[in-house]
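S.K.: First the structure, then my questions, so here it is.
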Amino acid sequence: MSTGLVFACAGALLFAMGVAGVVLLEHLLRRILAFNLMGSGAFLVLVGLAQRFGIADPVPQAMVLTGIVVAVAATALALALARRLFALTGGYTLSEDGDD
Amino acid sequence: MTANEWLPLAVLGSSLAPGLIIFALPEKRIRQRTALNLFGALAKLALVATLLAGVAAGEEYAFRYAVLPGIDLAFKADALALLFVTLSAALWLLTTLYAIGYLEAAPHRSRFFGFFSLCVTATMGIAMAANLFTFFVFYELLTLATFPLVVHRGTPQAMRGGTIYLAYTLIGGTLLLTGIVWLFQLLGHGEFAHGGVLASLDGAPQWQLQAIFLLLIAGVGVKAAIVPLHGWLPQAMVAPAPVSALLHAVAVVKAGAFGVVRIVYEVYGVEFAAALDLLTPLAIVAAVTILWGSLRALFQDDLKKRLAFSTVSQVSYIILGVALLGPLGTIGGLAHLVHQGIMKITLFFCAGNYAETLGIHKISEMDGAGRRMPWTTLAFSIAALGMMGVPLTAGAISKAWLTDGAAAAGMDWAIWVLWTSSLLNAAYFLPILWRAWRKPLPAAWPDEQIPARGRRETAWLLLLPPLVSATAVLGAGIFADASWSPLAWAQLIAEREYPRMPR
Amino acid sequence: MLLLTQFVALPLFLYARAYFAAGSAYFWPLAGFLLAGLNALFLSADLFNLYVTLELLGLAAVGLVAAGGGAQQVAAALRYLFATLVGSGIYLLGVALIHGAYGTVSIEMLTPLVHVDAPRAVWFAAGLMLIGLMLKTALFPFHYWLPPAHGGAPAPVSALLSALVVKASFYLILRLWLGPFAALTTAAAWLPAIMGSAAILWGSWRAIRALRLKELVAYSTVAQLGYLFLIFPLLGADQLALQAGGMQVVAHGLAKAAMFAAAGVVIQVTGRDAVADVAGIASRLPVTLFAFGLAGITLMGLPPSGGFLAKWLLIDAALVRGRWELVTVILAGGLLAAVYVFRVLRQAFLPPPSGERRRVARRPVAMLEWTAFALAAASVLVGLRGMEIVRLLGAGA
């Protein structure tokens, strides 16, 4: 098992944890963090799999870089919305009404 | 585009265009609206007259336009289509006049006349559809255009009636759609052609064709108010009188009956349908409807409801005529399509007059109405006698041909059905006439709105249309042998379209 | 698709101009982003690019939902945000696996590479990507985020979202399904069909039960999206199903935009949002009601609308393959749609409750009414110009 594959497996694990976090947690901040965990997991898989054979491939690295930018933007938006929600309702959880 | 192509379109357009413009007109512009309506109706009549002359001379009018590969929007104005088109165009003119008088001060007239014109357009489309696809398009358009008319008054009963109407017709439309697409699947097209198109199809198993027939007939049967699919019709009586007149005499139920005619003759072909054992069940259903409708009519006290159940019964005469194998029944059925239209529209006009002038809605309130409104009651009487099949009226003609047709087809039970129904018709119409003519005037009318002034019993626009149509009832009966009568036209259709039929 | 986007967007922007007469600083830049994202998405040709455009689209859409500013809208936006992030995250993981397996993410290069005997990882990746996209398309049972988000956003936003944004991810699914993963997916085609059927029935049911007008329209989106997924088991050599899908996308896009726009007018004028409060608009807002009705015709799939042609093609395609169960679902869906559309129309014809008449809040803005009407009319007229659309689809496929 090469290092790349180890990275990839770890990434998959992180990703799974992240998804579980986003879906199951209630606190908004934790959910946002979990989303970041999820993203990092995916990036790890991307880079890890590409490095399986020991040669560094610049393409996935560039992709990850783009992905990180996107994730940062998303996180910023989520945080801004969460703050707004806090200002409006005083809580960091989504109420479940209107949900089925 | 040649004249033969644009004429059918112009017939459609002559009601569509006024309809759309009327929607855009403000409520107050009564003069323009009336002018537009009348102009549309007259233009349509003129166009239809051109078509009639052309078709009698053997011209062919057709138009088609591809919507999807293999699916065309196609119109043809053949003799059968024109039978229905002429009826609708003429009655549209009368109903428009009547509606202008009837709704004089009512709100939302723009909306009313707009949808009214759309309805007529849809009816024309149904009449001239040259394939099942086009037929279905206009069939559903009719459903949609009549709904706002049924609920026009906005009362809870109107809403209830409208909802029931929709539920029935939309489910019917769904069945029809299933049948049509299935047929497309087997056949590759859904054209109407003389003598049927399905007979050429050998490979398909019989049960499939029978199932499709069931779906199609159930689909159109909802509008034709075949028992047990008739439940919506009495409920839709909450609509204003011109709408009832139009729905019952022309648009909706006739569209259904016309659909049955097209399906039996031009999709299946009458001989092929008989070979599939489809006609006898259809005849039985029609017979049951005739009797059931008449029976129910006996027990209604509400005038319009009694007329509604009478419609249920009378429309199935047409279907019975179609289901009788042989040209005599065909002629009777087709003639009745027209005859029933003019008789029933007269009855509804009169019922509307009673309600609007004196506030009479129930038969028990009709005592002495004939003395107060002699002309209206005269028209009512003529039409009612026609329904019973009294000689010299239009009804007698169609009943005679239907009876002959049943005898020729060897279906003696059908003759019994027809006679029983005539007796029942008499049983529910004669008491009304008796009350109206012979009973003394009551102390006060339920809700007199238009006072009598000299010899004018009610508003002119309300009185004129029923008188004209009652005259037509007599005319069609007395001059049945003339070359321009509906009967003669029905004979022309039977000769032209079913040359292979045993004579 | 590009054409549709612009056609829907243009009247909606006119609509939005009038709607946000007071001025909403955030709407315009975000809507611009949204359109850019959409256009980029339809044009890009590799999986990773698609991810980026998806995210751009998702973030802009979330921003738009939140643009209203109320607590409920922010909450809806957040819920939407999480849904879309999870969706695109899952998609990204799939992309990562694909890249790991083949070393490329170009759709064109991938197509010949993927075979039925592909390694497990590829199957898994394909599954992940499709699930991620389905989440974003709000396919049942992943639809939970849609009604609050679409129902809560301002009307022009809801219209944009329902008409276009969900279609974007559907477009991707279709593209992947027919392109790189064609070899893998034929076996699993029944799955989206079942989910689609469930979506039609459940969405319609919820729409029938909905209390608020926009909630009703939003659930109807869930149901209508279901139709799109019915085409998967029906795809084949004949283009019927594909044409049906394309037609449905176009017709629904136009109709739903019109419906939300009309609902927006109603809400603005009456100041209320409950279905019961629609009473009486037949006389006050005839144009809007007409628009709503026309859009409804398309949703019910009644002729001569675009929705009808879509339905016709779909039934035809289903019958060719002998899939009676799908035919039943389609027809039942149409009837259910009739129930919820007429629920509104019926209310509209009722006289307004007494005392309500004096409370007429504002006069409708003509621009709002007529843009809604134009969209609705377009959705119906599409039904008469089916040839052109089919030809366009033929060229695209």
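Lettering and numbering for the structure tokens are positional, with chains as A, B, ... in the shown order, residues counted from 1 in each chain, and ligands counted from 1 in the shown order.
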Within 7 Å of Leu49 (chain A), counting only C-alpha atoms, which residues show up once you throw out same-chain ones fewer than 4 positions away? Write them as an NGL selection string, please.

M.R.: (:A and (4-5 or 8 or 45)) or (:C and (100))

S.K.: Counting only C-alpha atoms, which residues in region 140-213 of chain C sit no more than 9 Å from region 52-62 of chain C? For each one, give the nearest pair of atoms and the distance in Å, sorted by chain then residue number, as JSON lines.

M.R.:
```
{"residue": "C:Ala149", "atom": "CA", "partner": "C:Val62", "partner_atom": "CA", "distance": 8.6}
{"residue": "C:Val157", "atom": "CA", "partner": "C:Ala61", "partner_atom": "CA", "distance": 8.2}
{"residue": "C:Leu160", "atom": "CA", "partner": "C:Ala61", "partner_atom": "CA", "distance": 8.8}
{"residue": "C:Leu161", "atom": "CA", "partner": "C:Ala61", "partner_atom": "CA", "distance": 7.1}
{"residue": "C:Val165", "atom": "CA", "partner": "C:Leu57", "partner_atom": "CA", "distance": 7.5}
{"residue": "C:Ala168", "atom": "CA", "partner": "C:Leu54", "partner_atom": "CA", "distance": 8.3}
{"residue": "C:Ser169", "atom": "CA", "partner": "C:Leu54", "partner_atom": "CA", "distance": 7.8}
```

S.K.: Provide as a short mmCIF file (atom, residue, chain, number, x, y, z; two decimals) with C-alpha atoms, in the first residue's frame the residues of chain B at most 9 Å from chain C, counting only C-alpha atoms.

M.R.:
```cif
data_model
loop_
_atom_site.label_atom_id
_atom_site.label_comp_id
_atom_site.auth_asym_id
_atom_site.auth_seq_id
_atom_site.Cartn_x
_atom_site.Cartn_y
_atom_site.Cartn_z
CA ALA B 66 -46.72 19.32 -38.04
CA VAL B 67 -46.31 19.82 -34.33
CA LEU B 68 -43.92 16.98 -33.71
CA PRO B 69 -42.44 14.48 -36.09
CA LEU B 73 -52.44 19.28 -36.12
CA HIS B 108 -67.42 40.19 -15.62
CA ARG B 111 -64.50 37.31 -19.19
CA PHE B 136 -57.88 15.60 -28.20
CA VAL B 137 -56.27 19.03 -28.25
CA PHE B 138 -59.58 20.75 -28.81
CA TYR B 139 -61.45 18.36 -26.56
CA GLU B 140 -59.32 19.43 -23.61
CA LEU B 141 -59.45 23.05 -24.68
CA LEU B 144 -60.76 24.35 -19.89
CA PRO B 148 -64.83 29.48 -16.05
CA VAL B 151 -68.29 28.80 -12.16
CA HIS B 152 -69.07 32.23 -13.59
CA ARG B 153 -71.40 33.19 -10.77
CA GLY B 154 -68.81 32.41 -8.12
CA THR B 155 -71.32 31.02 -5.63
CA PRO B 156 -70.53 27.94 -3.55
CA MET B 159 -67.93 26.11 -7.39
CA GLY B 162 -67.54 23.34 -11.52
CA THR B 163 -65.35 21.08 -9.45
CA LEU B 166 -63.73 19.24 -13.90
CA ALA B 167 -63.16 16.03 -12.02
CA LEU B 170 -60.31 15.65 -16.68
CA ILE B 171 -60.43 12.00 -15.74
CA THR B 174 -56.90 11.18 -19.21
CA LEU B 175 -58.58 7.97 -20.31
CA LEU B 177 -55.29 10.32 -23.90
CA THR B 178 -54.25 6.83 -22.85
CA VAL B 181 -51.44 7.16 -27.43
CA TRP B 182 -51.94 3.42 -27.29
CA PHE B 184 -50.72 5.63 -32.05
CA GLN B 185 -48.42 2.96 -30.74
#
```

S.K.: Which residues come within 6 Å of Gly370 (chain B), counting only C-alpha atoms, excluding same-chain residues fewer than 4 positions away, as a list of chain:residue names?

M.R.: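 Near Gly370 (chain B), the qualifying residues are B:Pro374, B:Thr377, B:Ala436, B:Trp437.
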
S.K.: Got time to write the residues from that selection, C-alpha atoms, as a compact mmCIF listing (two decimals), in the first residue's frame?

M.R.:
```txt
# COMPACT_ATOMS: atom_id res chain seq x y z
CA PRO B 374 -97.35 33.13 -24.09
CA THR B 377 -94.26 29.08 -23.47
CA ALA B 436 -98.11 26.45 -17.76
CA TRP B 437 -101.18 26.69 -19.96
```

S.K.: Compile a residue-level contact table for chain A against chain C at a cut-off of 7 Å, reporting for every qualifying residue the shortest atom pair and its distance in Å to one decimal, with only C-alpha atoms counted, rows ordered by chain and ascending number, as a tab-separated table.

M.R.:
```
residue	atom	partner	partner_atom	distance
A:Val19	CA	C:Val86	CA	6.9
A:Met38	CA	C:Gly89	CA	7.0
A:Gly39	CA	C:Gly89	CA	6.3
A:Ala42	CA	C:Leu93	CA	5.0
A:Val45	CA	C:Ala96	CA	6.2
A:Leu46	CA	C:Ala96	CA	4.4
A:Leu49	CA	C:Gly100	CA	4.8
A:Ala50	CA	C:Gly100	CA	5.4
A:Ala74	CA	C:Leu59	CA	6.7
A:Ala78	CA	C:Leu78	CA	6.8
A:Leu81	CA	C:Val74	CA	6.4
A:Leu85	CA	C:Ala71	CA	6.0
A:Leu88	CA	C:Ala71	CA	5.7
A:Thr89	CA	C:Ala71	CA	6.7
A:Leu94	CA	C:Ala75	CA	6.2
A:Gly98	CA	C:Pro148	CA	6.6
A:Asp99	CA	C:Tyr144	CA	6.7
```

S.K.: Kindly indicate which residue among A:Leu14, A:Val22, A:Ala87, A:Val70 lies nearest to Leu37 (chain A), using only C-alpha atoms for the distances.

M.R.: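 Closest to Leu37 (chain A) of all the choices is A:Leu14.
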
S.K.: What is the CA of Arg262 (chain B)-CA of Leu118 (chain B) distance in Å, reported with one decimal?

M.R.: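 Pair CA of Arg262 (chain B) / CA of Leu118 (chain B) returns 22.3 Å.
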
S.K.: Find the residues near region 273-289 of chain B: any atom within 9 Å, counting only C-alpha atoms, skip ones fewer than 4 places away on the same chain, and give them as a PyMOL selection string.

M.R.: chain B and resi 199+206+209-210+213-214+217+225-228+230+264-265+268-269+293-294+312-325+414+417-418

S.K.: Save the residues we just selected, C-alpha atoms, as a PDB file, in the first residue's frame?

M.R.:
```pdb
ATOM      1  CA  ALA B 199     -59.307  -2.859 -40.185  1.00  0.00           C
ATOM      2  CA  GLN B 206     -58.190  -8.420 -30.343  1.00  0.00           C
ATOM      3  CA  LEU B 209     -58.282  -3.154 -29.747  1.00  0.00           C
ATOM      4  CA  GLN B 210     -61.229  -3.787 -27.489  1.00  0.00           C
ATOM      5  CA  PHE B 213     -62.178   1.138 -27.728  1.00  0.00           C
ATOM      6  CA  LEU B 214     -63.273   1.039 -24.129  1.00  0.00           C
ATOM      7  CA  ILE B 217     -65.462   5.621 -25.601  1.00  0.00           C
ATOM      8  CA  ALA B 225     -72.913  11.959 -20.373  1.00  0.00           C
ATOM      9  CA  ILE B 226     -73.322   8.234 -20.882  1.00  0.00           C
ATOM     10  CA  VAL B 227     -74.552   6.463 -17.753  1.00  0.00           C
ATOM     11  CA  PRO B 228     -72.666   5.967 -15.423  1.00  0.00           C
ATOM     12  CA  HIS B 230     -73.265  11.478 -16.488  1.00  0.00           C
ATOM     13  CA  VAL B 264     -66.884   4.271 -34.417  1.00  0.00           C
ATOM     14  CA  TYR B 265     -67.050   5.246 -38.076  1.00  0.00           C
ATOM     15  CA  TYR B 268     -62.655   1.568 -36.128  1.00  0.00           C
ATOM     16  CA  GLY B 269     -65.017   1.432 -39.051  1.00  0.00           C
ATOM     17  CA  GLY B 293     -82.037   9.635 -17.995  1.00  0.00           C
ATOM     18  CA  SER B 294     -85.751   9.742 -18.721  1.00  0.00           C
ATOM     19  CA  VAL B 312     -78.601  12.703 -20.746  1.00  0.00           C
ATOM     20  CA  SER B 313     -81.292  10.596 -22.290  1.00  0.00           C
ATOM     21  CA  GLN B 314     -81.549  12.349 -25.646  1.00  0.00           C
ATOM     22  CA  VAL B 315     -77.865  12.452 -26.434  1.00  0.00           C
ATOM     23  CA  SER B 316     -77.715   8.711 -26.215  1.00  0.00           C
ATOM     24  CA  TYR B 317     -80.205   8.527 -29.082  1.00  0.00           C
ATOM     25  CA  ILE B 318     -77.326   9.638 -31.233  1.00  0.00           C
ATOM     26  CA  ILE B 319     -75.068   6.986 -29.815  1.00  0.00           C
ATOM     27  CA  LEU B 320     -77.737   4.372 -30.228  1.00  0.00           C
ATOM     28  CA  GLY B 321     -78.126   5.401 -33.854  1.00  0.00           C
ATOM     29  CA  VAL B 322     -74.400   5.027 -34.363  1.00  0.00           C
ATOM     30  CA  ALA B 323     -74.342   1.642 -32.718  1.00  0.00           C
ATOM     31  CA  LEU B 324     -77.097   0.268 -34.922  1.00  0.00           C
ATOM     32  CA  LEU B 325     -75.475  -1.473 -37.830  1.00  0.00           C
ATOM     33  CA  ALA B 414     -84.098  -1.049 -29.356  1.00  0.00           C
ATOM     34  CA  VAL B 417     -86.440   1.296 -25.744  1.00  0.00           C
ATOM     35  CA  LEU B 418     -87.277   4.151 -28.073  1.00  0.00           C
TER      36      LEU B 418
END
```

S.K.: Would you list the contacts of Leu234 (chain C) as a list in words, taking every protein, DNA or RNA residue within 9 Å and counting only C-alpha atoms, but skipping same-chain residues closer than 2 positions in sequence?

M.R.: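 Non-adjacent residues within range: Ala189, Leu230, Ile231, Phe232, Gly236, Leu240, Ala241, Leu242, Leu314, Ala317, Ala318, Val320, Arg321 and Arg323 of chain C.
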
S.K.: When DSSP works through the backbone of this structure, what residues of region 93-336 of chain B end up as alpha helix (DSSP H), shown as a VMD selection string?

M.R.: chain B and resid 93 to 102 109 to 128 132 to 150 156 to 187 206 to 224 232 to 235 241 to 245 252 to 262 270 to 275 279 to 298 303 to 323 327 to 336

S.K.: What gap, in Å, lies between CA of Met387 (chain B) and CA of Leu433 (chain B)?

M.R.: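 Separation of CA of Met387 (chain B) and CA of Leu433 (chain B): 12.9 Å.
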